[in-house]
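So this one's start-v6.cif, mmCIF, C-alpha atoms and all ligand atoms:
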data_work
#
loop_
_atom_site.label_atom_id
_atom_site.label_comp_id
_atom_site.auth_asym_id
_atom_site.auth_seq_id
_atom_site.Cartn_x
_atom_site.Cartn_y
_atom_site.Cartn_z
CA MET Z 816 87.89 89.05 82.86
CA ARG Z 817 90.12 88.29 85.85
CA ASN Z 818 88.80 89.90 89.04
CA LEU Z 819 91.01 92.54 90.65
CA LEU Z 820 91.15 92.57 94.44
CA ALA Z 821 92.52 96.04 95.20
CA LEU Z 822 93.48 96.31 98.87
CA ASN Z 823 93.27 99.91 100.06
CA TRP Z 824 95.03 100.21 103.40
CA LYS Z 825 94.13 103.92 103.63
CA MET Z 826 96.20 105.63 106.38
CA ASN Z 827 97.11 102.41 108.16
CA LYS Z 828 100.39 100.51 108.65
CA THR Z 829 103.90 101.78 109.18
CA PRO Z 830 106.71 100.42 106.98
CA SER Z 831 107.55 97.89 109.74
CA GLU Z 832 103.93 96.74 109.90
CA ALA Z 833 103.83 96.52 106.12
CA ARG Z 834 106.91 94.27 106.19
CA SER Z 835 105.27 91.92 108.71
CA TRP Z 836 102.01 91.86 106.70
CA ALA Z 837 103.92 91.02 103.51
CA ALA Z 838 105.89 88.30 105.28
CA GLU Z 839 102.68 86.69 106.58
CA LEU Z 840 101.07 86.92 103.16
CA THR Z 841 104.13 85.38 101.51
CA GLU Z 842 103.97 82.44 103.90
CA ARG Z 843 100.28 81.72 103.35
CA TYR Z 844 99.36 83.04 99.88
CA GLU Z 845 98.42 80.80 96.99
CA GLU Z 846 97.68 82.53 93.74
CA GLY Z 847 94.06 82.06 92.75
CA ASN Z 848 91.88 83.41 89.99
CA ALA Z 849 91.84 86.96 91.29
CA GLU Z 850 94.66 89.44 90.79
CA LEU Z 851 95.72 90.96 94.12
CA ALA Z 852 97.25 94.41 94.48
CA VAL Z 853 97.99 96.50 97.58
CA MET Z 854 97.12 100.21 97.47
CA ALA Z 855 99.75 101.24 99.97
CA PRO Z 856 100.60 104.41 101.89
CA ALA Z 857 103.44 106.04 99.96
CA VAL Z 858 106.00 105.49 102.73
CA THR Z 859 105.43 101.70 102.63
CA ILE Z 860 105.76 101.24 98.87
CA SER Z 861 109.51 100.50 98.79
CA THR Z 862 109.15 97.99 101.61
CA LEU Z 863 106.30 96.23 99.85
CA ALA Z 864 108.14 96.26 96.51
CA ALA Z 865 110.87 94.22 98.17
CA ASN Z 866 108.65 91.92 100.23
CA LEU Z 867 105.36 91.13 98.48
CA PRO Z 868 104.95 87.61 97.15
CA ALA Z 869 105.33 87.09 93.40
CA GLY Z 870 102.13 87.82 91.56
CA VAL Z 871 100.82 90.40 94.03
CA GLY Z 872 100.76 93.89 92.54
CA LEU Z 873 101.61 97.24 94.00
CA GLY Z 874 99.50 100.37 94.02
CA ALA Z 875 99.37 103.83 95.56
CA GLN Z 876 96.46 105.76 97.07
CA ASP Z 877 96.97 109.12 95.38
CA VAL Z 878 99.20 110.90 92.89
CA SER Z 879 99.92 114.48 91.95
CA ALA Z 880 98.00 116.09 89.11
CA TYR Z 881 101.32 117.66 88.06
CA GLU Z 882 104.34 116.17 86.35
CA SER Z 883 107.13 117.56 88.56
CA GLY Z 884 108.41 120.74 90.17
CA ALA Z 885 107.48 123.06 93.02
CA TYR Z 886 104.58 121.12 94.55
CA THR Z 887 105.74 120.54 98.11
CA GLY Z 888 104.50 117.31 99.61
CA GLU Z 889 103.26 115.87 96.32
CA ILE Z 890 104.33 112.58 94.78
CA SER Z 891 104.46 112.33 91.00
CA ALA Z 892 103.31 109.47 88.82
CA GLY Z 893 106.88 109.15 87.54
CA MET Z 894 108.13 108.62 91.10
CA LEU Z 895 105.52 105.91 91.67
CA ALA Z 896 106.34 104.21 88.38
CA ASP Z 897 110.02 104.19 89.31
CA LEU Z 898 109.13 102.23 92.48
CA GLY Z 899 107.29 99.61 90.44
CA VAL Z 900 103.77 100.88 91.16
CA GLN Z 901 101.19 99.51 88.71
CA TYR Z 902 97.97 101.08 90.00
CA VAL Z 903 96.97 104.29 91.72
CA VAL Z 904 93.62 105.13 93.31
CA VAL Z 905 92.34 108.53 92.22
CA GLY Z 906 89.22 110.38 93.32
CA HIS Z 907 88.49 108.25 96.36
CA SER Z 908 85.51 109.78 98.20
CA GLU Z 909 87.76 110.50 101.19
CA ARG Z 910 89.97 112.68 98.97
CA ARG Z 911 86.99 114.30 97.30
CA ASP Z 912 85.47 115.07 100.74
CA TYR Z 913 88.46 115.93 102.92
CA HIS Z 914 90.74 117.43 100.27
CA GLY Z 915 88.21 119.06 97.98
CA GLU Z 916 89.17 117.09 94.89
CA THR Z 917 86.97 117.92 91.93
CA ASP Z 918 86.27 115.75 88.90
CA ALA Z 919 88.72 117.89 86.91
CA VAL Z 920 91.50 117.25 89.45
CA VAL Z 921 90.70 113.54 89.42
CA ALA Z 922 90.92 113.46 85.62
CA ALA Z 923 94.25 115.34 85.70
CA LYS Z 924 95.63 112.80 88.17
CA ALA Z 925 94.39 109.89 86.07
CA LYS Z 926 96.06 111.38 82.99
CA GLN Z 927 99.35 111.84 84.85
CA ALA Z 928 99.20 108.21 85.93
CA GLN Z 929 98.54 106.94 82.42
CA ALA Z 930 101.30 109.12 80.95
CA ASN Z 931 103.69 107.26 83.25
CA GLY Z 932 102.38 103.75 82.65
CA VAL Z 933 100.46 103.55 85.94
CA VAL Z 934 96.82 102.43 85.71
CA PRO Z 935 94.45 104.78 87.53
CA ILE Z 936 91.60 103.32 89.58
CA VAL Z 937 89.03 106.10 89.25
CA CYS Z 938 86.51 106.12 92.13
CA VAL Z 939 82.94 107.33 91.85
CA GLY Z 940 79.81 106.91 93.92
CA GLU Z 941 76.94 108.67 95.61
CA LYS Z 942 76.22 109.71 99.20
CA LEU Z 943 73.17 108.53 101.12
CA ASP Z 944 71.00 111.58 100.42
CA VAL Z 945 71.50 111.14 96.68
CA ARG Z 946 70.53 107.47 96.87
CA GLU Z 947 67.47 108.26 98.99
CA LYS Z 948 66.32 110.66 96.30
CA GLY Z 949 66.75 107.89 93.73
CA GLU Z 950 69.36 109.92 91.85
CA HIS Z 951 72.32 107.57 92.34
CA VAL Z 952 72.63 106.51 88.70
CA PRO Z 953 72.66 109.95 87.03
CA PHE Z 954 74.81 111.39 89.83
CA THR Z 955 77.44 108.68 89.52
CA LEU Z 956 77.50 108.81 85.73
CA GLU Z 957 78.01 112.57 85.78
CA GLN Z 958 80.86 112.18 88.25
CA LEU Z 959 82.33 109.48 86.02
CA SER Z 960 82.08 111.64 82.93
CA GLY Z 961 83.95 114.54 84.55
CA SER Z 962 86.54 112.25 86.10
CA LEU Z 963 87.33 110.58 82.75
CA GLU Z 964 87.67 113.77 80.70
CA GLY Z 965 90.67 113.13 78.42
CA VAL Z 966 91.50 109.84 80.16
CA GLY Z 967 92.40 106.82 78.00
CA THR Z 968 91.11 103.25 78.14
CA ASP Z 969 93.86 101.82 80.35
CA VAL Z 970 91.81 102.52 83.44
CA VAL Z 971 89.88 100.75 86.21
CA ILE Z 972 86.64 102.19 87.60
CA ALA Z 973 85.63 101.68 91.23
CA TYR Z 974 82.00 102.25 92.15
CA GLU Z 975 81.84 103.00 95.86
CA PRO Z 976 78.55 104.17 97.34
CA VAL Z 977 79.84 106.49 100.07
CA TRP Z 978 77.18 105.30 102.54
CA ALA Z 979 78.64 101.78 102.37
CA ILE Z 980 82.28 102.73 103.06
CA GLY Z 981 83.51 101.60 106.45
CA THR Z 982 79.95 101.42 107.77
CA GLY Z 983 79.29 97.70 107.54
CA LYS Z 984 76.38 98.56 105.22
CA THR Z 985 77.10 96.76 101.98
CA ALA Z 986 75.16 97.50 98.87
CA THR Z 987 73.43 94.34 97.69
CA ALA Z 988 74.98 92.51 94.78
CA ASP Z 989 72.05 93.78 92.71
CA ASP Z 990 72.73 97.40 93.77
CA ALA Z 991 76.36 96.96 92.74
CA GLU Z 992 75.35 95.47 89.40
CA GLU Z 993 72.82 98.24 88.72
CA LEU Z 994 75.59 100.83 88.83
CA ALA Z 995 78.23 98.64 87.23
CA ALA Z 996 75.95 98.04 84.24
CA ALA Z 997 75.19 101.76 83.98
CA ILE Z 998 78.92 102.53 84.16
CA ARG Z 999 79.62 99.91 81.47
CA GLY Z 1000 77.07 101.62 79.24
CA ALA Z 1001 78.72 105.01 79.79
CA LEU Z 1002 82.14 103.50 79.06
CA GLU Z 1003 80.78 102.04 75.81
CA GLN Z 1004 79.58 105.48 74.75
CA ARG Z 1005 82.99 106.95 75.55
CA TYR Z 1006 85.34 104.20 74.41
CA GLY Z 1007 83.31 101.92 72.12
CA LYS Z 1008 84.20 98.22 72.11
CA LYS Z 1009 87.19 98.73 74.39
CA ALA Z 1010 84.74 99.31 77.25
CA ALA Z 1011 84.27 95.55 77.51
CA ASP Z 1012 87.89 95.18 78.71
CA ILE Z 1013 87.71 97.85 81.43
CA ARG Z 1014 87.40 96.49 84.94
CA ILE Z 1015 84.65 97.87 87.15
CA LEU Z 1016 85.18 97.26 90.87
CA TYR Z 1017 82.70 97.54 93.71
CA GLY Z 1018 83.82 99.02 97.04
CA GLY Z 1019 82.08 99.43 100.40
CA SER Z 1020 82.25 96.99 103.32
CA VAL Z 1021 83.44 94.08 101.17
CA LYS Z 1022 84.50 91.06 103.22
CA PRO Z 1023 85.25 87.36 102.73
CA ASP Z 1024 81.58 86.44 103.15
CA ASN Z 1025 80.09 88.85 100.60
CA ILE Z 1026 82.76 89.25 97.92
CA ALA Z 1027 81.84 86.19 95.85
CA SER Z 1028 78.18 87.12 95.33
CA ILE Z 1029 79.10 90.71 94.39
CA CYS Z 1030 81.85 89.69 91.97
CA ALA Z 1031 79.59 87.05 90.41
CA LYS Z 1032 77.59 89.85 88.80
CA PRO Z 1033 78.29 90.22 85.09
CA ASN Z 1034 79.59 93.81 85.15
CA VAL Z 1035 81.53 93.62 88.42
CA ASN Z 1036 85.17 92.65 87.92
CA GLY Z 1037 86.57 92.82 91.41
CA ALA Z 1038 86.53 94.88 94.59
CA LEU Z 1039 88.23 97.85 96.22
CA VAL Z 1040 88.54 96.79 99.84
CA GLY Z 1041 89.36 98.98 102.84
CA GLY Z 1042 88.88 97.51 106.33
CA ALA Z 1043 89.12 93.87 105.30
CA SER Z 1044 92.48 94.48 103.60
CA LEU Z 1045 94.32 95.05 106.87
CA LYS Z 1046 94.39 91.46 108.15
CA VAL Z 1047 96.08 88.80 106.04
CA ALA Z 1048 93.45 86.26 107.16
CA ASP Z 1049 90.67 88.36 105.61
CA VAL Z 1050 92.66 88.88 102.42
CA LEU Z 1051 93.21 85.13 102.11
CA GLY Z 1052 89.50 84.60 102.80
CA MET Z 1053 88.55 86.96 99.97
CA ASN Z 1054 91.16 85.43 97.66
CA ASP Z 1055 89.74 81.97 98.40
CA ALA Z 1056 86.18 83.15 97.90
CA LEU Z 1057 87.16 84.28 94.40
CA LYS Z 1058 89.06 81.10 93.59
CA ASP Z 1059 86.33 79.62 91.47
CA ALA Z 1060 85.06 82.94 90.16
O1 LIG J 1 88.78 101.99 99.29
C1 LIG J 1 88.03 101.26 99.92
C2 LIG J 1 86.69 101.64 100.25
O2 LIG J 1 86.62 102.96 100.68
C3 LIG J 1 85.92 100.68 101.09
O3 LIG J 1 86.31 100.70 102.42
P1 LIG J 1 85.69 99.59 103.41
O4 LIG J 1 85.95 98.27 102.75
O5 LIG J 1 86.42 99.78 104.69
O6 LIG J 1 84.22 99.87 103.48
#
Let's see the structure in the file written out as C-alpha cells.
Amino acid sequence: MRNLLALNWKMNKTPSEARSWAAELTERYEEGNAELAVMAPAVTISTLAANLPAGVGLGAQDVSAYESGAYTGEISAGMLADLGVQYVVVGHSERRDYHGETDAVVAAKAKQAQANGVVPIVCVGEKLDVREKGEHVPFTLEQLSGSLEGVGTDVVIAYEPVWAIGTGKTATADDAEELAAAIRGALEQRYGKKAADIRILYGGSVKPDNIASICAKPNVNGALVGGASLKVADVLGMNDALKDA
C-alpha cells in the first residue's frame, strides 16, 4: 500500500505563508512513492488548492458533525469538498482534550466527511499514564471502536500516542507496529477483508530521520506529521526517506 504522508500544520501559517510554502514545495518537489497531503488551517485551503504542486493532496484539520444550518463558526464537509479537500483529520487528541470531543462526536464527523466524499483520518491514542499502566492497547482499541461507530471503510486511522506528540519522544518503530497490528485486527473484525486496504498512520515526533524505520513496519502505512510539516526542507527529507519504501 502506498504510504500517506499527512502534513498537519495545526494552527500555523497564514494564507500568505501558505502561498510561500507551496511555491517553495513546487520548486523542489519530486513525486516519490509516498502520497503527500497537507492538512491545512481552513483559511489557507483555497490558497493551497491554487498553489500546491500536482500530485500533492489537500486536507482539513476538522469538520462539523452537522450537515448545514445554524452552527456558527462551523465548516461543513460539503464546504470542504467544494474546495477540493480529499482528507479531513477527525478526533485529533488536541480536539479531544481542548474541545471535549467524544468518540461519538468523532464518529459523527467521520460520517459527515464520508457522506461528502472526503476521507476522514480518525485519530486515536493513549496518554502517558495509560501507557505506564500497560493499558495502551485496550484503551486505544476502545477509542477506535467508539470513533468508528457507523463509519464506512473509506477511512484512514492515525495512531498517535499523546505522550509522543510535539515532545520529541517518538514511540519506537516496534511500539508503533504493536498498536498498528492491534488496530488492523480490530478493523478486520469490523470490516472483514476490506481492513487490509485501510491505511494506518503513526503520528508523534516523526521526522526525516525516523520516518523510514517506522513506515517499514508491516501495518504502518504512513505518518501524520505535525512539527516537521512546517518546513519544506523537512517535508522533502521525509518524502525522500520514503522514496524506496
Ligand atoms: O498531527 C500530528 C501529530 O499531532 C504529531 O505532531 P508532532 O509531529 O509535532 O509530534
With only C-alpha atoms and all ligand atoms counted, collect every polymer residue having an atom within 7 Å of ligand LIG 1 (chain J); state the result as a list of chain:residue names.
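Written in the requested form, the residues are Z:Asn823, Z:His907, Z:Glu975, Z:Ala979, Z:Ile980, Z:Gly981, Z:Thr982, Z:Gly983, Z:Gly1018, Z:Gly1019, Z:Ser1020, Z:Val1021, Z:Leu1039, Z:Val1040, Z:Gly1041, Z:Gly1042, Z:Ala1043.
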Per residue of segment 983-1046 of chain Z within 12 Å of segment 840-855 of chain Z, which atom pair is closest and at what distance in Å (one decimal), using all atoms listed in the file, listed by chain and increasing number, as a Markdown table?
| residue | atom | partner | partner_atom | distance |
| --- | --- | --- | --- | --- |
| Z:Arg1014 | CA | Z:Glu850 | CA | 11.7 |
| Z:Ile1026 | CA | Z:Ala849 | CA | 11.5 |
| Z:Ala1027 | CA | Z:Ala849 | CA | 11.0 |
| Z:Cys1030 | CA | Z:Ala849 | CA | 10.4 |
| Z:Asn1036 | CA | Z:Ala849 | CA | 9.4 |
| Z:Gly1037 | CA | Z:Ala849 | CA | 7.9 |
| Z:Ala1038 | CA | Z:Leu851 | CA | 10.0 |
| Z:Leu1039 | CA | Z:Met854 | CA | 9.3 |
| Z:Val1040 | CA | Z:Met854 | CA | 9.5 |
| Z:Gly1041 | CA | Z:Met854 | CA | 9.5 |
| Z:Ser1044 | CA | Z:Val853 | CA | 8.4 |
| Z:Leu1045 | CA | Z:Val853 | CA | 10.1 |
| Z:Lys1046 | CA | Z:Leu840 | CA | 9.5 |
In terms of the shortest atom-to-atom distance over all atoms listed in the file, which of Z:Trp978, Z:Tyr913, Z:Tyr1017, Z:Tyr902 is closest to Val871 of chain Z?
Z:Tyr902
Find the distance between atom CA of Asp1012 of chain Z and atom CA of Met816 of chain Z and write it in Å to one decimal.
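The value is 7.4 Å.
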Segment 978-1012 of chain Z near segment 938-959 of chain Z within 8 Å: what's each residue's closest atom pair and its distance in Å to one decimal, counting all atoms listed in the file, ordered by chain then ascending residue number, as a Markdown table?
| residue | atom | partner | partner_atom | distance |
| --- | --- | --- | --- | --- |
| Z:Trp978 | CA | Z:Leu943 | CA | 5.3 |
| Z:Leu994 | CA | Z:Val952 | CA | 6.4 |
| Z:Ala997 | CA | Z:Val952 | CA | 7.2 |
| Z:Ile998 | CA | Z:Leu956 | CA | 6.6 |
| Z:Ala1001 | CA | Z:Leu956 | CA | 7.2 |
Shortest interatomic distance to Gly874 of chain Z - which of Z:Gly893, Z:Gly1000, Z:Gly888, Z:Gly899, counting only C-alpha atoms:
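Closest candidate: Z:Gly899.
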Counting all atoms listed in the file, the option among Z:Ala930, Z:Val920, Z:Leu963, Z:Ala1011 closest to Ser879 of chain Z
Z:Val920
For atom CA of Leu1016 of chain Z and atom CA of Gln929 of chain Z, the interatomic separation in Å (one decimal):
18.5 Å
Can you tell me how far atom CA of Ala988 of chain Z sits from atom CA of Ser1028 of chain Z, in Å to one decimal?
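These atoms are spaced 6.3 Å apart.
If all atoms listed in the file are the atoms counted, then among Z:Asn866, Z:Thr968, Z:Gln876, Z:Thr917 the closest residue to Lys1008 of chain Z is Z:Thr968.
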Listed atoms of segment 1018-1026 of chain Z, axis-aligned box, 8 Å per side: centre and edge lengths to one decimal in Å, as lines of an AutoDock Vina configuration file?
center_x = 82.7
center_y = 92.9
center_z = 100.2
size_x = 21.2
size_y = 29.0
size_z = 22.3
Quick one: segment 940-977 of chain Z with C-alpha atoms, as a PDB file, in the first residue's frame?
ATOM      1  CA  GLY Z 940      -4.015   7.028  21.008  1.00  0.00           C
ATOM      2  CA  GLU Z 941      -3.266   6.866  24.690  1.00  0.00           C
ATOM      3  CA  LYS Z 942      -1.799   9.314  27.206  1.00  0.00           C
ATOM      4  CA  LEU Z 943       1.322   8.575  29.226  1.00  0.00           C
ATOM      5  CA  ASP Z 944      -0.467   7.345  32.360  1.00  0.00           C
ATOM      6  CA  VAL Z 945      -2.376   4.777  30.321  1.00  0.00           C
ATOM      7  CA  ARG Z 946       0.826   3.508  28.709  1.00  0.00           C
ATOM      8  CA  GLU Z 947       2.594   3.337  32.063  1.00  0.00           C
ATOM      9  CA  LYS Z 948      -0.203   1.125  33.344  1.00  0.00           C
ATOM     10  CA  GLY Z 949       0.284  -1.119  30.310  1.00  0.00           C
ATOM     11  CA  GLU Z 950      -3.272  -0.441  29.132  1.00  0.00           C
ATOM     12  CA  HIS Z 951      -2.430   1.281  25.841  1.00  0.00           C
ATOM     13  CA  VAL Z 952      -3.749  -1.473  23.574  1.00  0.00           C
ATOM     14  CA  PRO Z 953      -7.222  -1.957  25.103  1.00  0.00           C
ATOM     15  CA  PHE Z 954      -7.601   1.803  25.651  1.00  0.00           C
ATOM     16  CA  THR Z 955      -6.794   2.639  22.047  1.00  0.00           C
ATOM     17  CA  LEU Z 956      -8.988  -0.125  20.639  1.00  0.00           C
ATOM     18  CA  GLU Z 957     -11.943   1.051  22.709  1.00  0.00           C
ATOM     19  CA  GLN Z 958     -11.430   4.599  21.491  1.00  0.00           C
ATOM     20  CA  LEU Z 959     -11.219   3.275  17.937  1.00  0.00           C
ATOM     21  CA  SER Z 960     -14.405   1.283  18.306  1.00  0.00           C
ATOM     22  CA  GLY Z 961     -16.405   4.299  19.517  1.00  0.00           C
ATOM     23  CA  SER Z 962     -14.886   6.588  16.907  1.00  0.00           C
ATOM     24  CA  LEU Z 963     -15.786   4.224  14.043  1.00  0.00           C
ATOM     25  CA  GLU Z 964     -19.400   3.601  15.063  1.00  0.00           C
ATOM     26  CA  GLY Z 965     -21.347   3.642  11.772  1.00  0.00           C
ATOM     27  CA  VAL Z 966     -18.289   4.755   9.786  1.00  0.00           C
ATOM     28  CA  GLY Z 967     -17.586   3.055   6.434  1.00  0.00           C
ATOM     29  CA  THR Z 968     -14.356   1.581   5.083  1.00  0.00           C
ATOM     30  CA  ASP Z 969     -13.166   4.647   3.170  1.00  0.00           C
ATOM     31  CA  VAL Z 970     -11.199   5.813   6.166  1.00  0.00           C
ATOM     32  CA  VAL Z 971      -7.623   6.283   7.391  1.00  0.00           C
ATOM     33  CA  ILE Z 972      -6.654   5.591  11.007  1.00  0.00           C
ATOM     34  CA  ALA Z 973      -3.902   7.556  12.746  1.00  0.00           C
ATOM     35  CA  TYR Z 974      -2.389   6.082  15.890  1.00  0.00           C
ATOM     36  CA  GLU Z 975      -0.857   8.911  17.895  1.00  0.00           C
ATOM     37  CA  PRO Z 976       0.369   8.191  21.411  1.00  0.00           C
ATOM     38  CA  VAL Z 977      -0.361  11.545  23.054  1.00  0.00           C
TER      39      VAL Z 977
END
